[in-house]
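Okay, coords38.csv is below, CSV, C-alpha atoms:
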chain,number,residue,atom,x,y,z
A,8,MET,CA,-30.9,1.5,-14.4
A,9,ASN,CA,-34.6,2.3,-13.9
A,10,LYS,CA,-36.0,5.0,-11.7
A,11,THR,CA,-36.4,2.8,-8.7
A,12,GLU,CA,-32.8,1.7,-8.6
A,13,GLU,CA,-31.7,5.3,-9.1
A,14,GLN,CA,-33.9,6.4,-6.2
A,15,LEU,CA,-32.6,3.6,-4.0
A,16,ALA,CA,-29.0,4.6,-4.6
A,17,HIS,CA,-29.9,8.2,-3.9
A,18,ASP,CA,-31.7,7.4,-0.7
A,19,ALA,CA,-28.9,5.1,0.4
A,20,LYS,CA,-26.4,7.9,-0.2
A,21,GLU,CA,-28.5,10.3,1.8
A,22,ALA,CA,-28.7,7.9,4.7
A,23,PHE,CA,-25.0,7.2,4.5
A,24,ASP,CA,-24.2,11.0,4.5
A,25,ARG,CA,-26.4,11.5,7.6
A,26,SER,CA,-24.5,8.7,9.4
A,27,VAL,CA,-21.2,10.4,8.5
A,28,ASP,CA,-22.5,13.7,9.8
A,29,ARG,CA,-23.4,12.1,13.1
A,30,LEU,CA,-20.0,10.7,13.9
A,31,ASP,CA,-19.2,11.7,17.5
A,32,ALA,CA,-16.4,14.0,18.6
A,33,ALA,CA,-14.2,11.1,20.1
A,34,THR,CA,-14.3,9.3,16.7
A,35,LEU,CA,-13.4,12.5,14.9
A,36,SER,CA,-10.5,13.1,17.3
A,37,ARG,CA,-9.2,9.6,16.6
A,38,LEU,CA,-9.4,10.2,12.9
A,39,ASN,CA,-7.5,13.4,13.3
A,40,ARG,CA,-4.8,11.7,15.2
A,41,SER,CA,-4.6,8.9,12.6
A,42,ARG,CA,-4.2,11.6,9.9
A,43,GLN,CA,-1.4,13.3,11.7
A,44,ALA,CA,0.4,10.0,12.2
A,45,ALA,CA,0.1,9.3,8.5
A,46,LEU,CA,1.3,12.8,7.5
A,47,ALA,CA,4.4,12.3,9.6
A,48,GLU,CA,5.3,9.5,7.2
A,49,VAL,CA,5.6,12.0,4.3
A,50,ALA,CA,8.7,13.8,5.6
A,51,ARG,CA,10.3,10.6,6.8
A,52,PRO,CA,12.9,9.3,4.3
A,53,ASN,CA,12.0,6.0,2.6
A,54,ARG,CA,14.2,3.3,4.3
A,55,GLU,CA,12.6,0.4,2.5
A,56,TRP,CA,16.0,-0.7,1.3
A,57,LEU,CA,17.2,-1.2,4.9
A,58,ARG,CA,14.9,-4.2,5.2
A,59,TRP,CA,17.1,-6.0,2.6
A,60,MET,CA,20.4,-5.2,4.3
A,61,PRO,CA,20.7,-8.3,6.5
A,62,ALA,CA,19.9,-10.6,3.6
A,63,THR,CA,22.3,-8.7,1.3
A,64,GLY,CA,25.1,-9.0,3.9
A,65,VAL,CA,24.6,-12.7,4.4
A,66,ALA,CA,24.6,-13.3,0.6
A,67,ALA,CA,27.8,-11.3,0.2
A,68,ALA,CA,29.5,-13.2,3.1
A,69,VAL,CA,28.4,-16.6,1.5
A,70,LEU,CA,29.7,-15.5,-1.9
A,71,LEU,CA,33.0,-14.4,-0.4
A,72,ALA,CA,33.4,-17.6,1.5
A,73,VAL,CA,32.7,-19.7,-1.7
A,74,VAL,CA,35.2,-17.7,-3.7
A,75,VAL,CA,37.9,-18.0,-1.0
A,76,LEU,CA,37.4,-21.7,-0.4
A,77,ARG,CA,37.2,-22.6,-4.1
A,78,GLY,CA,40.3,-20.4,-4.8
A,79,ALA,CA,42.2,-22.2,-2.0
A,80,GLY,CA,41.3,-25.7,-3.4
A,81,ASP,CA,42.4,-24.9,-6.9
A,82,ILE,CA,45.9,-23.5,-6.2
A,83,ASN,CA,47.6,-26.9,-6.8
A,84,SER,CA,45.7,-27.5,-10.0
A,85,ILE,CA,46.6,-24.2,-11.6
A,86,GLY,CA,50.0,-25.5,-12.9
A,87,ALA,CA,51.5,-23.2,-15.4
A,88,PRO,CA,50.6,-19.8,-13.9
A,89,VAL,CA,51.9,-20.9,-10.5
A,90,ALA,CA,55.2,-22.1,-12.2
A,91,ASP,CA,55.5,-18.7,-13.9
A,92,LEU,CA,55.0,-17.1,-10.5
A,93,ASP,CA,57.9,-19.2,-9.1
A,94,ILE,CA,60.1,-18.2,-11.9
A,95,LEU,CA,59.3,-14.5,-11.5
A,96,LEU,CA,59.8,-14.7,-7.8
A,97,SER,CA,63.1,-16.6,-8.0
A,98,GLU,CA,66.4,-14.7,-7.8
A,99,GLU,CA,67.8,-16.2,-11.0
A,100,SER,CA,64.8,-15.0,-13.0
A,101,ILE,CA,65.2,-11.5,-11.9
A,102,GLU,CA,68.9,-11.5,-12.7
A,103,MET,CA,68.1,-12.9,-16.2
A,104,LEU,CA,65.6,-10.1,-16.7
A,105,GLU,CA,68.2,-7.5,-15.7
A,106,GLU,CA,70.7,-8.9,-18.2
A,107,LEU,CA,68.3,-9.5,-21.0
A,108,GLU,CA,70.5,-7.7,-23.5
A,109,PHE,CA,73.4,-10.0,-22.7
A,110,TYR,CA,71.4,-13.2,-23.2
A,111,SER,CA,70.0,-11.8,-26.4
A,112,TRP,CA,73.6,-11.1,-27.7
A,113,LEU,CA,74.6,-14.6,-26.5
A,114,ASP,CA,71.8,-16.1,-28.4
A,115,THR,CA,72.8,-14.4,-31.7
A,116,GLN,CA,76.5,-15.5,-31.2
A,117,GLU,CA,75.4,-19.1,-30.8
A,118,LEU,CA,73.4,-18.9,-34.0
A,119,GLU,CA,76.3,-17.4,-35.8
A,120,GLY,CA,78.5,-20.2,-34.4
A,121,ASP,CA,76.1,-22.8,-35.7
A,122,GLY,CA,76.3,-21.2,-39.1
A,123,ASP,CA,80.1,-21.4,-39.1
A,124,VAL,CA,80.0,-25.1,-38.3
A,125,GLY,CA,77.4,-25.8,-41.0
B,609,MET,CA,22.7,33.4,-21.2
B,610,THR,CA,25.9,33.0,-19.1
B,611,THR,CA,26.4,30.1,-16.8
B,612,ASP,CA,26.0,32.3,-13.7
B,613,SER,CA,22.7,33.7,-14.9
B,614,LEU,CA,21.5,30.2,-15.8
B,615,VAL,CA,22.3,28.9,-12.3
B,616,PHE,CA,20.6,32.0,-10.8
B,617,ALA,CA,17.5,31.4,-12.9
B,618,VAL,CA,17.3,27.7,-11.9
B,619,SER,CA,17.8,28.4,-8.2
B,620,CYS,CA,15.0,31.0,-8.3
B,621,THR,CA,12.5,28.9,-10.1
B,622,ALA,CA,13.1,25.4,-8.5
B,623,LYS,CA,11.4,24.9,-5.1
B,624,PRO,CA,13.6,23.6,-2.3
B,625,ILE,CA,13.0,20.0,-1.3
B,626,GLY,CA,11.7,21.0,2.1
B,627,ALA,CA,9.1,23.3,0.5
B,628,ARG,CA,7.9,20.6,-1.8
B,629,ILE,CA,7.5,18.1,1.0
B,630,LEU,CA,5.5,20.7,3.0
B,631,GLN,CA,3.3,21.4,0.0
B,632,LYS,CA,2.7,17.6,-0.6
B,633,GLU,CA,2.0,17.1,3.1
B,634,ARG,CA,-0.6,19.9,3.1
B,635,GLN,CA,-2.3,18.5,0.0
B,636,LEU,CA,-2.3,15.0,1.4
B,637,GLY,CA,-3.7,16.3,4.7
B,638,GLU,CA,-6.5,18.0,2.9
B,639,PHE,CA,-7.3,14.9,0.9
B,640,LEU,CA,-7.3,12.7,4.0
B,641,ALA,CA,-9.5,15.1,6.0
B,642,GLU,CA,-11.9,15.1,3.1
B,643,VAL,CA,-12.3,11.3,2.8
B,644,GLU,CA,-11.5,10.0,6.4
B,645,ARG,CA,-15.0,10.1,7.8
B,646,ARG,CA,-16.7,8.4,4.8
B,647,ALA,CA,-13.8,5.9,4.7
B,648,LEU,CA,-14.4,5.0,8.3
B,649,ARG,CA,-18.1,4.5,7.8
B,650,ILE,CA,-17.4,2.4,4.7
B,651,ALA,CA,-15.0,0.2,6.6
B,652,GLU,CA,-17.4,0.0,9.5
B,653,ILE,CA,-20.2,-1.2,7.3
B,654,ALA,CA,-17.8,-3.9,5.9
B,655,VAL,CA,-16.5,-5.2,9.2
B,656,ARG,CA,-19.3,-4.1,11.6
B,657,ASP,CA,-16.9,-2.9,14.2
B,658,ARG,CA,-15.8,0.7,14.7
B,659,ASP,CA,-12.5,0.1,16.4
B,660,GLU,CA,-11.5,-2.4,13.7
B,661,ALA,CA,-12.6,0.0,11.1
B,662,MET,CA,-10.6,2.8,12.7
B,663,ASP,CA,-7.5,0.6,12.6
B,664,LEU,CA,-8.0,-0.2,9.0
B,665,VAL,CA,-8.5,3.4,8.0
B,666,GLN,CA,-5.4,4.5,9.9
B,667,ASP,CA,-3.4,1.7,8.3
B,668,ALA,CA,-4.6,2.8,4.8
B,669,MET,CA,-3.7,6.4,5.6
B,670,ILE,CA,-0.2,5.5,6.6
B,671,LYS,CA,0.4,3.3,3.7
B,672,LEU,CA,-0.8,5.9,1.3
B,673,ALA,CA,1.4,8.6,2.9
B,674,ARG,CA,4.4,6.3,3.0
B,675,ASN,CA,4.2,4.9,-0.5
B,676,TYR,CA,2.1,7.2,-2.7
B,677,SER,CA,2.5,10.7,-1.4
B,678,GLY,CA,4.6,11.5,-4.4
B,679,ARG,CA,1.7,10.7,-6.8
B,680,GLY,CA,-0.7,13.2,-8.2
B,681,ARG,CA,-3.7,14.3,-6.2
B,682,GLU,CA,-6.1,12.7,-8.7
B,683,GLU,CA,-4.5,9.3,-8.2
B,684,TRP,CA,-5.0,9.3,-4.4
B,685,PRO,CA,-8.7,8.3,-4.1
B,686,PRO,CA,-8.5,5.0,-6.0
B,687,LEU,CA,-5.2,4.2,-4.4
B,688,PHE,CA,-6.5,5.0,-0.9
B,689,TYR,CA,-9.6,2.9,-1.4
B,690,ARG,CA,-7.7,0.1,-2.9
B,691,ILE,CA,-5.4,-0.1,0.2
B,692,LEU,CA,-8.5,0.1,2.4
B,693,GLN,CA,-10.4,-2.6,0.5
B,694,ASN,CA,-7.3,-4.9,0.7
B,695,GLY,CA,-7.2,-4.3,4.4
B,696,VAL,CA,-10.9,-5.2,4.7
B,697,ARG,CA,-10.4,-8.4,2.7
B,698,ASP,CA,-7.4,-9.3,4.9
B,699,TRP,CA,-9.5,-8.6,8.0
B,700,HIS,CA,-12.2,-11.0,6.7
B,701,ARG,CA,-9.6,-13.7,6.0
B,702,ARG,CA,-8.3,-13.4,9.5
B,703,GLN,CA,-11.8,-13.5,10.9
B,704,MET,CA,-12.5,-16.7,8.9
B,705,VAL,CA,-9.3,-18.3,10.3
B,706,ARG,CA,-10.2,-17.1,13.8
B,707,ASN,CA,-13.7,-18.4,13.6
B,708,ARG,CA,-12.5,-21.8,12.5
B,709,VAL,CA,-10.1,-21.9,15.4
B,710,MET,CA,-12.9,-20.9,17.7
B,711,VAL,CA,-15.2,-23.6,16.4
B,712,TRP,CA,-12.3,-26.1,16.9
B,713,PHE,CA,-12.2,-25.2,20.5
B,714,GLN,CA,-16.0,-25.1,20.7
B,715,ARG,CA,-16.2,-21.5,21.8
B,716,SER,CA,-19.1,-19.4,20.9
B,717,ARG,CA,-18.7,-15.7,20.0
B,718,SER,CA,-20.0,-13.2,22.4
B,719,ASP,CA,-22.8,-11.0,21.2
B,720,ASP,CA,-21.5,-8.1,23.3
B,721,ASN,CA,-19.9,-6.5,20.3
B,722,ASP,CA,-23.2,-6.0,18.5
B,723,GLN,CA,-23.6,-2.7,20.2
B,724,ASP,CA,-25.3,-0.1,18.0
B,725,LEU,CA,-22.9,2.7,18.0
B,726,ILE,CA,-25.0,4.9,15.8
B,727,ALA,CA,-28.0,4.7,18.1
B,728,SER,CA,-25.8,5.6,21.1
B,729,ALA,CA,-24.1,8.6,19.4
B,730,PRO,CA,-25.4,12.1,20.0
B,731,ASP,CA,-27.0,14.0,17.1
B,732,PRO,CA,-25.1,17.2,16.4
B,733,ILE,CA,-27.6,18.3,13.8
B,734,GLY,CA,-30.5,18.4,16.3
B,735,ARG,CA,-33.2,16.3,14.7
B,736,SER,CA,-36.3,15.3,16.6
B,737,PRO,CA,-36.3,11.9,18.4
B,738,ASP,CA,-38.9,10.6,15.9
B,739,GLU,CA,-36.7,11.6,12.9
B,740,GLU,CA,-33.7,10.3,14.7
B,741,LEU,CA,-35.3,6.9,15.3
B,742,GLN,CA,-36.6,6.7,11.7
B,743,ASN,CA,-33.2,7.6,10.3
B,744,SER,CA,-31.3,5.2,12.5
B,745,GLU,CA,-33.7,2.4,11.6
B,746,ALA,CA,-33.4,3.1,7.9
B,747,MET,CA,-29.6,3.3,8.1
B,748,ARG,CA,-29.4,0.1,10.2
B,749,ASP,CA,-31.6,-1.7,7.6
B,750,MET,CA,-29.5,-0.4,4.8
B,751,GLU,CA,-26.2,-1.2,6.5
B,752,SER,CA,-27.4,-4.7,7.3
B,753,ALA,CA,-28.4,-5.3,3.7
B,754,VAL,CA,-25.2,-3.9,2.3
B,755,HIS,CA,-23.1,-5.9,4.7
B,756,GLU,CA,-24.8,-9.1,3.5
B,757,LEU,CA,-23.9,-8.5,-0.1
B,758,PRO,CA,-21.1,-10.6,-1.7
B,759,ILE,CA,-17.8,-8.8,-1.1
B,760,ARG,CA,-17.3,-7.5,-4.6
B,761,GLN,CA,-20.8,-6.3,-4.9
B,762,ARG,CA,-20.5,-4.5,-1.6
B,763,GLU,CA,-17.3,-2.9,-2.6
B,764,ALA,CA,-18.7,-1.7,-6.0
B,765,PHE,CA,-21.8,-0.3,-4.3
B,766,MET,CA,-20.1,1.5,-1.5
B,767,LEU,CA,-17.4,3.0,-3.7
B,768,ARG,CA,-19.8,4.1,-6.4
B,769,THR,CA,-22.7,5.3,-4.2
B,770,PHE,CA,-21.1,6.3,-0.8
B,771,GLU,CA,-17.7,7.6,-1.9
B,772,GLY,CA,-18.9,8.8,-5.4
B,773,LEU,CA,-16.0,7.3,-7.3
B,774,ASP,CA,-16.7,6.9,-11.1
B,775,VAL,CA,-16.6,3.5,-12.8
B,776,ARG,CA,-12.9,4.0,-13.7
B,777,GLY,CA,-11.9,5.0,-10.2
B,778,THR,CA,-13.9,2.1,-8.7
B,779,ALA,CA,-12.2,-0.3,-11.1
B,780,ALA,CA,-8.8,1.0,-10.0
B,781,ALA,CA,-9.7,0.7,-6.4
B,782,MET,CA,-11.1,-2.8,-6.7
B,783,GLY,CA,-8.4,-4.0,-9.1
B,784,CYS,CA,-10.8,-5.2,-11.7
B,785,SER,CA,-12.2,-4.2,-15.1
B,786,GLN,CA,-14.8,-1.4,-15.6
B,787,GLY,CA,-17.2,-4.0,-17.0
B,788,SER,CA,-16.9,-6.0,-13.8
B,789,VAL,CA,-17.6,-2.9,-11.7
B,790,LYS,CA,-20.8,-2.2,-13.7
B,791,THR,CA,-21.9,-5.9,-13.3
B,792,HIS,CA,-21.2,-5.9,-9.5
B,793,TYR,CA,-22.9,-2.6,-9.0
B,794,SER,CA,-26.0,-3.5,-11.0
B,795,ARG,CA,-26.4,-6.8,-9.1
B,796,ALA,CA,-25.8,-5.0,-5.8
B,797,VAL,CA,-28.5,-2.4,-6.4
B,798,HIS,CA,-30.9,-5.1,-7.7
B,799,THR,CA,-30.3,-7.2,-4.5
B,800,LEU,CA,-30.7,-4.2,-2.2
B,801,ARG,CA,-34.0,-3.2,-3.9
B,802,GLU,CA,-35.3,-6.7,-3.3
B,803,LYS,CA,-34.2,-6.8,0.3
B,804,LEU,CA,-35.1,-3.3,1.4
B,805,GLY,CA,-38.3,-3.1,-0.6
B,806,GLU,CA,-39.8,-0.4,-2.8
B,807,HIS,CA,-40.8,1.8,0.2
B,808,TRP,CA,-37.5,1.8,2.1
B,809,GLN,CA,-37.0,5.2,3.8
Could I get this structure in the form of structure tokens?
Amino acid sequence: MNKTEEQLAHDAKEAFDRSVDRLDAATLSRLNRSRQAALAEVARPNREWLRWMPATGVAAAVLLAVVVLRGAGDINSIGAPVADLDILLSEESIEMLEELEFYSWLDTQELEGDGDVG
Amino acid sequence: MTTDSLVFAVSCTAKPIGARILQKERQLGEFLAEVERRALRIAEIAVRDRDEAMDLVQDAMIKLARNYSGRGREEWPPLFYRILQNGVRDWHRRQMVRNRVMVWFQRSRSDDNDQDLIASAPDPIGRSPDEELQNSEAMRDMESAVHELPIRQREAFMLRTFEGLDVRGTAAAMGCSQGSVKTHYSRAVHTLREKLGEHWQ
């Protein structure tokens, strides 16, 4: 940058600084109020995440609805697990579980009987 | 060192959250008080309207305080001016849209807003009327020439010359490379010298 450009930048800065010094009291007062309003934001907790709450809630509700509806539609096609559930919930099955040792003994007796026949 | 003495030592050295916030608030207040007047004038030269410039500066202050008050003091100048420059660019975009709509409805803009606020402001320094007139005219010529620069050249010139940011800080504020800042600045000074002439001021 040659001398003329340096001088121009220098003179421009001087003119600008003078215009800054000449700002009127009303403008300075407005700037002061703006600064105080900005500083009030420092102590305020950041609630940016609150903006996403409605969207998150809707997404969660949709996901829950999909899971519930798909789950209800698939109950009949599950097959084996549902059958197991029926067995477990039936009276007979519970009795069988209670007398598991008896059935185990009965099974061994039958095997021994088969051996005698053979 | 026992656990009790360690807890005591930590509690003595660590500042409470409230004290840290107060300290940060004080530092930010000092920074904003330091830059606010120059920022207002820079925005005013860019948009040619003091009320609009005031809104842009206030918006930049609030965004800086809300989002970047936790950053270091040395990071604030480029961040603040980046927010302000983005605000100025958005303002120009809105103006373009508004002007297109106005043209569509064949309305002409009123020239009432071209009031010279500098000429009507009192001089607190107490210069003579001749000096005052000369300074006002010189500043008005310079403002007009700077305003007519392409937006990137104007930003580079104002941030480097008026705000005194270095090339690195200006690049951060403008969101471009340091090489681009040097190019824009050089072109801006060259254009201003041609427009204002060798004997300006």
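Checking B:Gln635, B:Asn675, B:Thr799, B:Gln693 one by one against Glu48 in chain A, counting only C-alpha atoms, you find the shortest gap at B:Asn675.
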Inset, instruction - Write out as a PyMOL selection string which residues come within 12 Å of Asp18 in chain A when counting only C-alpha atoms, dropping same-chain ones fewer than 2 positions away. - result: (chain A and resi 11-16+20-25) or (chain B and resi 743+746-747+750+769-770+797+800-801+804+806-809)
Please report, as CSV, each residue of chain B lying at most 6 Å from chain A, together with the nearest pair of atoms and the separation in Å rounded to one decimal; use all atoms listed in the file, and order rows by chain and ascending residue number.
residue,atom,partner,partner_atom,distance
B:Gln666,CA,A:Ser41,CA,5.2
B:Met669,CA,A:Ala45,CA,5.6
B:Ile670,CA,A:Ala45,CA,4.3
B:Ala673,CA,A:Val49,CA,5.6
B:Arg674,CA,A:Glu48,CA,5.4
B:Asp731,CA,A:Arg29,CA,5.7
B:Met747,CA,A:Ala22,CA,5.8
B:Phe770,CA,A:Lys20,CA,5.6
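Note that the spacing between CA of Leu664 in chain B and CA of Leu648 in chain B amounts to 8.3 Å.
Note that CA of Leu672 in chain B and CA of Glu644 in chain B are 12.5 Å apart.
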Inset, instruction - Compile the contact shell of range 773-781 of chain B as a list of chain:residue names: residues with an atom at most 8 Å away, counting all atoms listed in the file, same-chain residues fewer than 3 positions apart removed. - result: B:Pro685, B:Pro686, B:Leu687, B:Phe688, B:Tyr689, B:Arg690, B:Ile691, B:Gln693, B:Ala764, B:Leu767, B:Arg768, B:Thr769, B:Cys784, B:Ser785, B:Gln786, B:Ser788, B:Val789, B:Lys790
Legend entry - Separation of CA of Met710 in chain B from CA of Arg649 in chain B in Å: 27.8 Å
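For the residues B:Leu757, B:Leu692, B:Met766, B:Ile650, ranking by smallest atom-to-atom distance to His798 in chain B using only C-alpha atoms places B:Leu757 first.
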Hey, what's within 10 Å of Ile629 in chain B if we count only C-alpha atoms and toss same-chain stuff fewer than 2 positions away? As a short mmCIF file (atom, residue, chain, number, x, y, z; two decimals) with C-alpha atoms, in the coordinates of the input, please?
data_model
loop_
_atom_site.label_atom_id
_atom_site.label_comp_id
_atom_site.auth_asym_id
_atom_site.auth_seq_id
_atom_site.Cartn_x
_atom_site.Cartn_y
_atom_site.Cartn_z
CA VAL A 49 5.60 12.00 4.30
CA ALA A 50 8.70 13.80 5.60
CA ARG A 51 10.30 10.60 6.80
CA LYS B 623 11.40 24.90 -5.10
CA PRO B 624 13.60 23.60 -2.30
CA ILE B 625 13.00 20.00 -1.30
CA GLY B 626 11.70 21.00 2.10
CA ALA B 627 9.10 23.30 0.50
CA GLN B 631 3.30 21.40 0.00
CA LYS B 632 2.70 17.60 -0.60
CA GLU B 633 2.00 17.10 3.10
CA ARG B 634 -0.60 19.90 3.10
CA GLN B 635 -2.30 18.50 0.00
CA SER B 677 2.50 10.70 -1.40
CA GLY B 678 4.60 11.50 -4.40
#
Legend entry - B:Glu756, B:Arg762, B:Ala647, B:Glu642 ranked by distance to Ser794 in chain B, top pick (using all atoms listed in the file): B:Arg762
